[in-house]
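Shown below: target.cif, with mmCIF, C-alpha atoms.
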data_start
#
loop_
_atom_site.label_atom_id
_atom_site.label_comp_id
_atom_site.auth_asym_id
_atom_site.auth_seq_id
_atom_site.Cartn_x
_atom_site.Cartn_y
_atom_site.Cartn_z
CA MET A 216 68.61 -107.40 159.59
CA ASN A 217 71.62 -109.67 160.08
CA LEU A 218 72.29 -109.18 163.79
CA GLN A 219 74.15 -111.57 166.09
CA LYS A 220 74.61 -111.50 169.86
CA ILE A 221 78.21 -111.99 170.94
CA ILE A 222 79.93 -112.45 174.30
CA PHE A 223 83.63 -111.97 174.99
CA THR A 224 85.82 -111.48 178.05
CA ASN A 225 87.72 -108.37 179.03
CA LYS A 226 91.13 -107.98 180.65
CA GLU A 227 89.66 -108.83 184.06
CA GLY A 228 87.93 -111.99 182.82
CA GLN A 229 84.44 -110.41 182.94
CA GLN A 230 81.93 -111.17 180.22
CA LEU A 231 81.00 -108.29 177.94
CA VAL A 232 77.91 -108.52 175.75
CA GLY A 233 77.51 -106.96 172.33
CA ARG A 234 75.78 -107.13 168.99
CA ILE A 235 77.53 -107.49 165.67
CA GLU A 236 75.52 -106.32 162.68
CA PHE A 237 76.33 -107.39 159.13
CA PRO A 238 75.29 -106.03 155.72
CA VAL A 239 72.17 -107.77 154.47
CA ASP A 240 73.28 -108.10 150.84
CA ARG A 241 77.02 -108.81 150.87
CA HIS A 242 80.04 -109.89 152.85
CA PRO A 243 81.45 -106.96 154.86
CA HIS A 244 84.42 -105.20 153.29
CA ASN A 245 85.60 -103.89 156.69
CA TYR A 246 84.82 -104.32 160.39
CA ALA A 247 84.07 -101.32 162.60
CA LEU A 248 84.12 -101.14 166.40
CA PHE A 249 81.76 -98.71 168.15
CA ALA A 250 82.25 -97.14 171.61
CA HIS A 251 79.11 -95.71 173.23
CA CYS A 252 78.90 -92.59 175.41
CA PHE A 253 79.46 -92.25 179.16
CA THR A 254 76.86 -94.32 181.14
CA CYS A 255 75.04 -95.15 177.86
CA THR A 256 74.72 -98.63 176.34
CA LYS A 257 75.04 -100.26 172.94
CA ASN A 258 71.27 -99.89 172.51
CA LEU A 259 71.15 -96.09 172.46
CA SER A 260 69.09 -95.14 169.40
CA ALA A 261 71.94 -93.06 167.93
CA VAL A 262 74.34 -96.00 168.20
CA LYS A 263 71.92 -98.30 166.39
CA ASN A 264 71.13 -95.75 163.67
CA ILE A 265 74.80 -95.03 162.98
CA SER A 266 75.51 -98.78 162.84
CA LYS A 267 72.66 -99.37 160.38
CA ALA A 268 73.96 -96.65 158.08
CA LEU A 269 77.40 -98.26 158.15
CA THR A 270 76.10 -101.77 157.42
CA ALA A 271 74.05 -100.38 154.54
CA ASN A 272 77.39 -99.27 153.09
CA GLY A 273 79.07 -102.66 153.48
CA PHE A 274 80.61 -102.47 156.97
CA ALA A 275 80.12 -104.97 159.78
CA VAL A 276 79.76 -103.15 163.12
CA LEU A 277 80.38 -104.46 166.63
CA ARG A 278 78.74 -102.41 169.40
CA PHE A 279 78.95 -103.62 172.99
CA ASP A 280 78.29 -102.57 176.57
CA PHE A 281 81.30 -101.41 178.56
CA THR A 282 81.96 -103.18 181.86
CA GLY A 283 79.19 -102.59 184.40
CA LEU A 284 76.68 -101.26 181.87
CA GLY A 285 73.80 -102.83 179.94
CA GLU A 286 74.13 -106.60 179.65
CA SER A 287 77.84 -106.74 180.49
CA ASP A 288 79.23 -108.08 183.76
CA GLY A 289 80.96 -106.00 186.40
CA ASP A 290 80.13 -103.14 188.72
CA PHE A 291 80.16 -99.69 187.12
CA ALA A 292 81.46 -98.24 190.39
CA ASP A 293 84.67 -100.23 189.95
CA THR A 294 85.29 -99.09 186.37
CA ASN A 295 87.21 -96.16 184.95
CA PHE A 296 88.20 -94.60 181.64
CA SER A 297 91.29 -96.82 181.32
CA GLY A 298 89.00 -99.83 181.70
CA ASN A 299 86.88 -98.61 178.79
CA VAL A 300 89.99 -98.44 176.63
CA ASP A 301 90.96 -101.96 177.73
CA ASP A 302 87.43 -103.16 176.84
CA LEU A 303 87.85 -101.77 173.32
CA VAL A 304 91.17 -103.57 172.94
CA ALA A 305 89.50 -106.81 174.13
CA ALA A 306 86.69 -106.32 171.61
CA ALA A 307 89.22 -105.81 168.82
CA HIS A 308 90.96 -109.03 169.85
CA PHE A 309 87.63 -110.86 169.77
CA LEU A 310 86.98 -109.63 166.23
CA LYS A 311 90.47 -110.68 165.14
CA GLU A 312 90.05 -114.17 166.58
CA ASN A 313 86.51 -114.79 165.33
CA TYR A 314 85.91 -112.57 162.30
CA GLU A 315 88.42 -109.98 161.11
CA SER A 316 90.45 -107.28 162.84
CA PRO A 317 88.68 -103.90 162.99
CA SER A 318 89.95 -101.24 160.61
CA LEU A 319 87.59 -98.47 161.77
CA LEU A 320 86.93 -97.18 165.30
CA ILE A 321 83.95 -94.95 166.08
CA GLY A 322 83.30 -93.30 169.42
CA HIS A 323 80.44 -91.18 170.72
CA SER A 324 81.06 -88.61 173.49
CA LEU A 325 83.48 -90.10 176.06
CA GLY A 326 83.59 -93.14 173.78
CA GLY A 327 85.16 -90.81 171.21
CA ALA A 328 88.02 -90.06 173.57
CA ALA A 329 88.32 -93.78 174.34
CA VAL A 330 88.71 -94.79 170.67
CA ILE A 331 91.57 -92.32 170.21
CA PHE A 332 93.44 -93.94 173.09
CA ALA A 333 92.49 -97.46 171.94
CA ALA A 334 93.61 -96.79 168.35
CA ALA A 335 97.17 -96.43 169.63
CA GLU A 336 96.95 -100.03 170.88
CA ILE A 337 95.08 -101.66 167.97
CA GLU A 338 97.43 -102.06 165.03
CA SER A 339 94.74 -102.96 162.50
CA VAL A 340 92.90 -99.63 162.86
CA ASN A 341 93.38 -97.36 159.85
CA ALA A 342 90.69 -94.74 160.53
CA ILE A 343 89.03 -93.19 163.59
CA ALA A 344 85.83 -91.17 163.84
CA THR A 345 84.61 -89.26 166.92
CA VAL A 346 81.16 -87.81 167.51
CA GLY A 347 80.66 -85.14 170.18
CA ALA A 348 83.88 -86.17 171.90
CA PRO A 349 85.53 -84.21 174.75
CA SER A 350 89.05 -82.99 174.10
CA ASN A 351 90.12 -84.55 177.39
CA PRO A 352 88.57 -87.32 179.52
CA LYS A 353 88.76 -84.91 182.48
CA HIS A 354 85.78 -83.16 180.88
CA VAL A 355 83.62 -85.79 182.58
CA LYS A 356 84.35 -84.15 185.92
CA HIS A 357 81.87 -81.38 185.21
CA LEU A 358 79.14 -84.02 184.91
CA LEU A 359 80.10 -85.21 188.40
CA LYS A 360 80.20 -81.77 190.00
CA SER A 361 77.20 -82.51 192.23
CA GLY A 362 79.16 -85.26 193.94
CA LEU A 363 82.78 -84.32 193.30
CA GLU A 364 83.31 -82.86 196.77
CA GLU A 365 81.83 -85.96 198.41
CA ILE A 366 83.93 -88.24 196.17
CA ASN A 367 87.12 -86.46 197.23
CA ALA A 368 86.11 -86.47 200.90
CA ASN A 369 84.66 -89.99 201.25
CA GLY A 370 86.20 -91.82 198.32
CA GLU A 371 82.85 -92.33 196.57
CA ALA A 372 79.43 -90.78 195.95
CA VAL A 373 76.16 -91.54 194.20
CA VAL A 374 75.73 -89.16 191.28
CA ASN A 375 72.58 -88.75 189.19
CA LEU A 376 73.39 -88.81 185.48
CA SER A 377 70.61 -88.50 182.88
CA GLY A 378 68.01 -89.52 185.44
CA ARG A 379 69.90 -92.57 186.71
CA ASP A 380 72.00 -92.98 189.86
CA PHE A 381 75.59 -94.19 189.51
CA LYS A 382 78.14 -94.78 192.22
CA ILE A 383 81.40 -93.07 191.31
CA LYS A 384 84.61 -93.84 193.20
CA LYS A 385 87.67 -91.67 193.60
CA GLN A 386 89.76 -94.04 191.50
CA PHE A 387 87.53 -93.14 188.52
CA VAL A 388 88.24 -89.43 188.98
CA ASP A 389 91.95 -90.00 189.60
CA ASP A 390 92.23 -92.10 186.46
CA LEU A 391 90.83 -89.24 184.35
CA ASP A 392 93.69 -87.01 185.53
CA THR A 393 96.27 -89.42 184.07
CA LYS A 394 94.95 -89.19 180.50
CA SER A 395 96.07 -86.52 178.05
CA LEU A 396 94.06 -86.82 174.86
CA PRO A 397 95.86 -84.02 172.97
CA GLU A 398 99.18 -85.82 173.43
CA THR A 399 97.70 -89.12 172.28
CA ALA A 400 95.98 -87.52 169.29
CA LYS A 401 99.20 -85.79 168.29
CA SER A 402 101.17 -89.04 168.27
CA LEU A 403 98.43 -91.13 166.65
CA ARG A 404 99.23 -90.37 162.98
CA LYS A 405 96.08 -92.11 161.70
CA PRO A 406 93.23 -90.53 159.68
CA LEU A 407 90.79 -88.84 162.06
CA LEU A 408 87.26 -87.55 161.46
CA ILE A 409 85.84 -85.21 164.11
CA MET A 410 82.06 -84.62 164.09
CA HIS A 411 80.49 -82.18 166.53
CA SER A 412 77.42 -80.01 166.90
CA PRO A 413 77.86 -76.25 167.49
CA GLN A 414 74.72 -76.48 169.66
CA ASP A 415 76.09 -79.30 171.87
CA ASP A 416 75.48 -78.06 175.43
CA THR A 417 76.96 -81.17 177.06
CA VAL A 418 80.35 -81.20 175.33
CA GLY A 419 80.99 -77.77 173.84
CA ILE A 420 82.17 -77.26 170.27
CA LYS A 421 85.50 -75.93 171.60
CA ASN A 422 86.42 -79.56 172.33
CA ALA A 423 86.29 -80.40 168.63
CA GLU A 424 88.64 -77.53 167.86
CA GLU A 425 91.14 -78.69 170.49
CA ILE A 426 91.17 -82.26 169.15
CA TYR A 427 91.53 -80.99 165.57
CA VAL A 428 94.46 -78.70 166.44
CA ALA A 429 96.25 -81.47 168.35
CA ALA A 430 95.90 -84.12 165.62
CA HIS A 431 98.05 -84.43 162.51
CA HIS A 432 96.72 -84.61 158.97
CA PRO A 433 94.86 -86.36 157.46
CA LYS A 434 92.15 -84.94 159.73
CA SER A 435 88.64 -83.74 158.93
CA PHE A 436 85.88 -81.86 160.71
CA VAL A 437 82.15 -82.06 159.97
CA SER A 438 79.67 -79.78 161.74
CA LEU A 439 76.48 -81.46 162.97
CA ASP A 440 74.56 -78.21 162.91
CA GLY A 441 71.34 -78.36 164.91
CA ALA A 442 72.01 -81.75 166.50
CA ASP A 443 71.86 -82.42 170.24
CA HIS A 444 74.63 -84.25 172.08
CA LEU A 445 72.88 -87.66 172.08
CA LEU A 446 71.67 -87.35 168.48
CA PHE A 447 68.07 -88.11 169.42
CA ASN A 448 66.89 -87.04 165.96
CA LYS A 449 67.18 -90.09 163.72
CA LYS A 450 68.10 -87.90 160.73
CA ASP A 451 71.17 -86.65 162.61
CA SER A 452 72.47 -90.08 163.64
CA THR A 453 71.79 -91.59 160.20
CA TYR A 454 73.65 -88.67 158.62
CA VAL A 455 76.61 -89.35 160.93
CA GLY A 456 76.72 -92.98 159.79
CA GLU A 457 76.50 -92.04 156.11
CA VAL A 458 79.28 -89.46 156.38
CA ILE A 459 81.58 -91.81 158.31
CA SER A 460 80.99 -94.52 155.69
CA GLY A 461 81.93 -92.27 152.80
CA TRP A 462 84.89 -90.69 154.57
CA ALA A 463 86.39 -93.97 155.84
CA LYS A 464 86.37 -95.64 152.43
CA ARG A 465 89.11 -93.22 151.36
CA TYR A 466 91.45 -94.75 153.91
CA LEU A 467 90.35 -98.39 153.98
CA SER A 468 90.78 -101.28 151.59
CA ILE A 469 87.47 -102.10 149.94
CA GLU A 470 88.21 -105.50 148.43
CA LYS A 471 84.98 -107.34 149.11
CA GLY A 472 81.36 -106.94 148.13
CA VAL A 473 80.62 -106.29 144.48
CA ASP A 474 83.66 -106.96 142.29
CA GLU A 475 83.89 -103.98 139.95
CA SER A 476 86.97 -105.38 138.21
CA LEU A 477 84.93 -107.81 136.09
CA ARG A 478 85.41 -107.31 132.37
CA THR A 479 83.77 -109.01 129.39
CA LYS A 480 83.08 -108.54 125.69
CA HIS A 481 79.65 -110.10 126.31
CA GLN A 482 76.55 -108.48 127.77
CA VAL A 483 76.83 -110.38 131.05
CA VAL A 484 79.62 -112.05 133.01
CA ALA A 485 79.25 -114.10 136.21
CA SER A 486 82.18 -115.03 138.46
CA LEU A 487 82.17 -117.39 141.46
CA ASP A 488 85.14 -118.41 143.62
CA GLY A 489 85.30 -121.93 145.01
CA ASP A 490 84.82 -120.86 148.64
CA ASP A 491 81.91 -118.47 148.04
CA TYR A 492 79.23 -121.20 147.78
CA PHE A 493 76.51 -119.54 145.63
CA THR A 494 77.34 -115.84 146.10
CA THR A 495 78.14 -114.84 142.52
CA GLN A 496 79.69 -111.59 141.30
CA MET A 497 78.10 -110.26 138.12
CA LYS A 498 78.51 -107.48 135.59
CA VAL A 499 75.21 -107.01 133.77
CA GLY A 500 75.62 -104.49 130.98
CA ASN A 501 77.28 -101.52 132.70
CA HIS A 502 75.96 -102.52 136.13
CA TYR A 503 77.52 -104.58 138.92
CA MET A 504 75.44 -106.84 141.12
CA ILE A 505 75.35 -110.08 143.09
CA ALA A 506 73.34 -113.23 142.43
CA ASP A 507 72.83 -115.84 145.13
CA GLU A 508 70.56 -118.56 146.45
CA PRO A 509 68.34 -118.42 149.56
CA THR A 510 69.87 -119.48 152.88
CA ASP A 511 67.67 -122.60 153.02
CA PHE A 512 69.34 -123.72 149.81
CA GLY A 513 72.84 -123.14 151.16
CA GLY A 514 73.35 -119.57 149.91
CA ASN A 515 73.78 -116.25 151.70
CA ASP A 516 70.72 -114.59 150.12
CA PHE A 517 72.88 -111.59 149.19
CA GLY A 518 71.16 -111.22 145.85
CA PRO A 519 68.42 -112.63 143.62
CA SER A 520 68.53 -116.26 142.51
CA PRO A 521 69.04 -117.13 138.81
CA TYR A 522 65.32 -117.80 138.30
CA GLU A 523 64.44 -114.57 140.10
CA LEU A 524 66.70 -112.77 137.65
CA VAL A 525 64.85 -114.38 134.74
CA SER A 526 61.50 -113.41 136.32
CA ALA A 527 62.84 -109.89 136.83
CA GLY A 528 63.70 -109.65 133.13
CA LEU A 529 60.18 -110.71 132.18
CA SER A 530 58.57 -108.22 134.60
CA ALA A 531 60.78 -105.32 133.48
CA CYS A 532 60.31 -106.04 129.79
CA THR A 533 56.53 -106.32 130.21
CA VAL A 534 56.11 -102.92 131.91
CA MET A 535 58.40 -101.25 129.36
CA THR A 536 56.50 -102.75 126.43
CA ILE A 537 53.08 -101.79 127.80
CA GLN A 538 54.07 -98.20 128.56
CA MET A 539 55.78 -97.81 125.18
CA TYR A 540 52.60 -99.01 123.42
CA ALA A 541 50.38 -96.78 125.57
CA ARG A 542 52.49 -93.69 124.81
CA ARG A 543 52.28 -94.41 121.11
CA LYS A 544 48.48 -94.73 121.36
CA GLY A 545 48.10 -91.77 123.70
CA TRP A 546 46.39 -93.92 126.31
CA PRO A 547 46.47 -92.66 129.92
CA ILE A 548 48.37 -95.30 131.88
CA ASP A 549 49.73 -93.71 135.06
CA ASN A 550 51.48 -96.84 136.26
CA VAL A 551 52.02 -100.49 135.37
CA GLU A 552 52.98 -103.16 137.87
CA VAL A 553 53.95 -106.67 136.79
CA HIS A 554 54.30 -109.34 139.47
CA THR A 555 56.08 -112.48 138.31
CA SER A 556 57.14 -115.74 139.94
CA TYR A 557 58.58 -118.99 138.59
CA SER A 558 57.73 -122.63 139.32
CA LYS A 559 57.36 -125.96 137.64
CA SER A 560 53.66 -126.63 137.10
CA HIS A 561 51.48 -129.02 135.20
CA ALA A 562 50.65 -127.83 131.72
CA GLU A 563 47.08 -126.72 131.06
CA ASP A 564 44.91 -129.59 129.80
CA CYS A 565 47.70 -131.97 130.80
CA GLU A 566 46.81 -135.56 129.96
CA ASN A 567 49.29 -137.03 132.48
CA CYS A 568 49.03 -134.53 135.34
CA GLU A 569 49.60 -137.24 137.93
CA ASN A 570 53.08 -137.81 136.45
CA ASP A 571 55.69 -135.40 137.85
CA THR A 572 57.70 -135.60 134.63
CA SER A 573 54.86 -133.84 132.83
CA LYS A 574 55.53 -130.58 134.72
CA ILE A 575 56.89 -127.69 132.67
CA ASP A 576 58.62 -124.40 133.46
CA THR A 577 55.91 -121.87 134.30
CA PHE A 578 56.00 -118.13 134.90
CA HIS A 579 53.00 -116.76 136.78
CA ARG A 580 52.49 -113.13 135.78
CA GLU A 581 49.97 -110.65 137.18
CA ILE A 582 49.53 -107.20 135.64
CA LYS A 583 48.10 -104.19 137.44
CA LEU A 584 47.14 -101.13 135.38
CA THR A 585 46.53 -97.69 136.91
CA GLY A 586 44.83 -95.26 134.53
CA ASN A 587 41.54 -94.30 132.91
CA LEU A 588 41.20 -97.22 130.46
CA ASP A 589 38.09 -98.84 129.07
CA GLU A 590 37.65 -102.59 128.86
CA LYS A 591 38.66 -102.74 125.18
CA GLN A 592 41.91 -100.90 125.90
CA ARG A 593 42.67 -103.13 128.89
CA ALA A 594 42.12 -106.24 126.78
CA LYS A 595 44.49 -104.89 124.11
CA ILE A 596 47.13 -104.18 126.75
CA MET A 597 46.95 -107.83 127.82
CA GLU A 598 47.61 -108.86 124.20
CA ILE A 599 50.58 -106.49 124.03
CA ALA A 600 52.02 -107.94 127.26
CA ASP A 601 52.39 -111.31 125.53
CA LYS A 602 54.38 -109.62 122.77
CA CYS A 603 57.13 -108.20 124.95
CA PRO A 604 60.55 -109.36 123.67
CA VAL A 605 61.48 -111.39 126.75
CA HIS A 606 58.08 -113.13 126.73
CA ARG A 607 58.57 -114.04 123.09
CA THR A 608 62.11 -115.27 123.78
CA LEU A 609 60.88 -117.55 126.56
CA HIS A 610 58.25 -118.94 124.22
CA SER A 611 60.52 -119.41 121.23
CA LYS A 612 62.96 -122.17 120.43
CA THR A 613 66.33 -120.97 121.67
CA GLN A 614 69.86 -122.25 121.52
CA ILE A 615 72.86 -121.82 123.85
CA LEU A 616 76.23 -122.17 122.17
CA THR A 617 78.92 -122.92 124.77
CA LYS A 618 82.69 -123.16 124.47
CA LEU A 619 85.52 -123.39 126.97
CA VAL A 620 87.93 -120.42 126.95
CA ASP A 621 91.28 -119.78 128.62
#
Give the structure from this file in structure tokens form.
Amino acid sequence: MNLQKIIFTNKEGQQLVGRIEFPVDRHPHNYALFAHCFTCTKNLSAVKNISKALTANGFAVLRFDFTGLGESDGDFADTNFSGNVDDLVAAAHFLKENYESPSLLIGHSLGGAAVIFAAAEIESVNAIATVGAPSNPKHVKHLLKSGLEEINANGEAVVNLSGRDFKIKKQFVDDLDTKSLPETAKSLRKPLLIMHSPQDDTVGIKNAEEIYVAAHHPKSFVSLDGADHLLFNKKDSTYVGEVISGWAKRYLSIEKGVDESLRTKHQVVASLDGDDYFTTQMKVGNHYMIADEPTDFGGNDFGPSPYELVSAGLSACTVMTIQMYARRKGWPIDNVEVHTSYSKSHAEDCENCENDTSKIDTFHREIKLTGNLDEKQRAKIMEIADKCPVHRTLHSKTQILTKLVD
């Protein structure tokens, strides 16, 4: 996991704390900004699962605690919905200054309403996704009904929400009345994905319909059938992340990661820009991949190293050769595993082993056979392993003919 803690300041100068998660095997092609639900935090399991699904598909995701929640500064009692929107704008500015402007906004529950308002203020955003969002921020009032009368009478009240006590002030309630989400959604004119569960008993499915009707195309709706409002089932939240990833790529520029524009008349081509250190784009046969070096060698570890690729070729060729031979003989081999690593080692029976220059390139290979084989068959398989084409190539005298081309 490539996860970094970040701290930035909001409009009021308070410090907000978040986590930015990156793909483990590539540079991110886009940055996403996530808004959590009312009184939740960035560490809600659904938020983390959705983020992981996005990073697995090449996105970097910033999730943070709104003012007065989680690790962020401030008093929740002094916050309101407008402040949440301002926090999102501040987070977008932080990404722009330190990484890259966000192109995707994602919001869960009240955070879904917040991202629609924030998208109108963040120019870089090209796609918005909401999950279980209310069609109007005023929906929150029904969650406060136990203290609403006291809030109106005394200006504040302590309200129990999801087992925790929160002080809510009248300014919070008054602020909700100033926000019209249907109007904002109608004027947004940016691609919108609405995801909602028909069984959501916190924010009813009718809310999704109202947002959908208000918004202009391109707009999409996906039913989260069977899911609860907080997406406690990991399968539900992971599904949300996967769907958002696939949907958003239709509206975003995917210019980074694996370069699928590589062309060659040869079997393999490798391409490396001057500012990419060791992270190398490759087309291997009909397949695209990345080669790299470990971080302790100055690389990003986004892909296997050159020698790991050579070892991989030897392992793959060995298992293919053994199974092909076993099928021809009718021998019962259920599975073959070949474990290979590379190093420079002293040659066997080396006369000058104390001299480092006497070390030679060495592949250490271990073979595991699963099947009902007798000792004679197992010994024959070991002979066959040494006859795999890649093994023979590594043992033979080879030549590399190189020329410079335009």
Problem - Close residues, stretch 517-523 of chain A itself excluded, 6 Å, all atoms listed in the file, min 3 positions apart in chain, as a list of chain:residue names - result: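 So the residues in contact are A:Asp240, A:Arg241, A:Ile505, A:Ala506, A:Asp507, A:Glu508, A:Ser526, A:Ala527.
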Those selected residues, please, written with C-alpha atoms and delivered as a short mmCIF file (atom, residue, chain, number, x, y, z; two decimals), in the frame of the given file.
data_model
loop_
_atom_site.label_atom_id
_atom_site.label_comp_id
_atom_site.auth_asym_id
_atom_site.auth_seq_id
_atom_site.Cartn_x
_atom_site.Cartn_y
_atom_site.Cartn_z
CA ASP A 240 73.28 -108.10 150.84
CA ARG A 241 77.02 -108.81 150.87
CA ILE A 505 75.35 -110.08 143.09
CA ALA A 506 73.34 -113.23 142.43
CA ASP A 507 72.83 -115.84 145.13
CA GLU A 508 70.56 -118.56 146.45
CA SER A 526 61.50 -113.41 136.32
CA ALA A 527 62.84 -109.89 136.83
#
Problem - A:Thr533 surroundings by all atoms listed in the file, 12 Å radius, close-in-sequence under 3 positions cut, as a ChimeraX atom specification - result: /A:526-530,536-540,551-555,580-584,596-607
Exercise for the section: Pick out the residues sitting within 9 Å of A:Ile366, and hand them over as a ChimeraX atom specification; count only C-alpha atoms, and ignore anything fewer than 5 positions along from it in its own chain. Expected result: /A:371-373,383-385,388
Handout entry: Residues within 10 Å of A:Glu425, all atoms listed in the file, excluding chain neighbours under 6 positions, as a PyMOL selection string
Key = chain A and resi 349-351+396-397
Practice task
Give as an NGL selection string the residues that the PyMOL selection byres ((chain A and resi 335-345) around 8) matches when applied to the coordinates above.
Solution key: :A and (304 or 307 or 316-324 or 326-328 or 330-334 or 346-348 or 399 or 403 or 405-410 or 459 or 463 or 466-467)
Problem - Selected residue of minimal separation from A:Leu325 among A:Asn369, A:Asn422, A:Ser287, A:Thr270, counting all atoms listed in the file - result: A:Asn422
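Atom CA of A:Glu236 is found 22.4 Å from atom CA of A:Gln496.
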Problem - Minimum-distance residue to A:Asn448, chosen among A:Ser402, A:Asn264, A:Asn225, A:Asn217 (using only C-alpha atoms) - result: A:Asn264
Exercise for the section: Grab the atom CA of A:Lys595 to atom CA of A:Ile575 distance for me, in Å with one decimal place. Expected result: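 Separation between atom CA of A:Lys595 and atom CA of A:Ile575: 27.3 Å.
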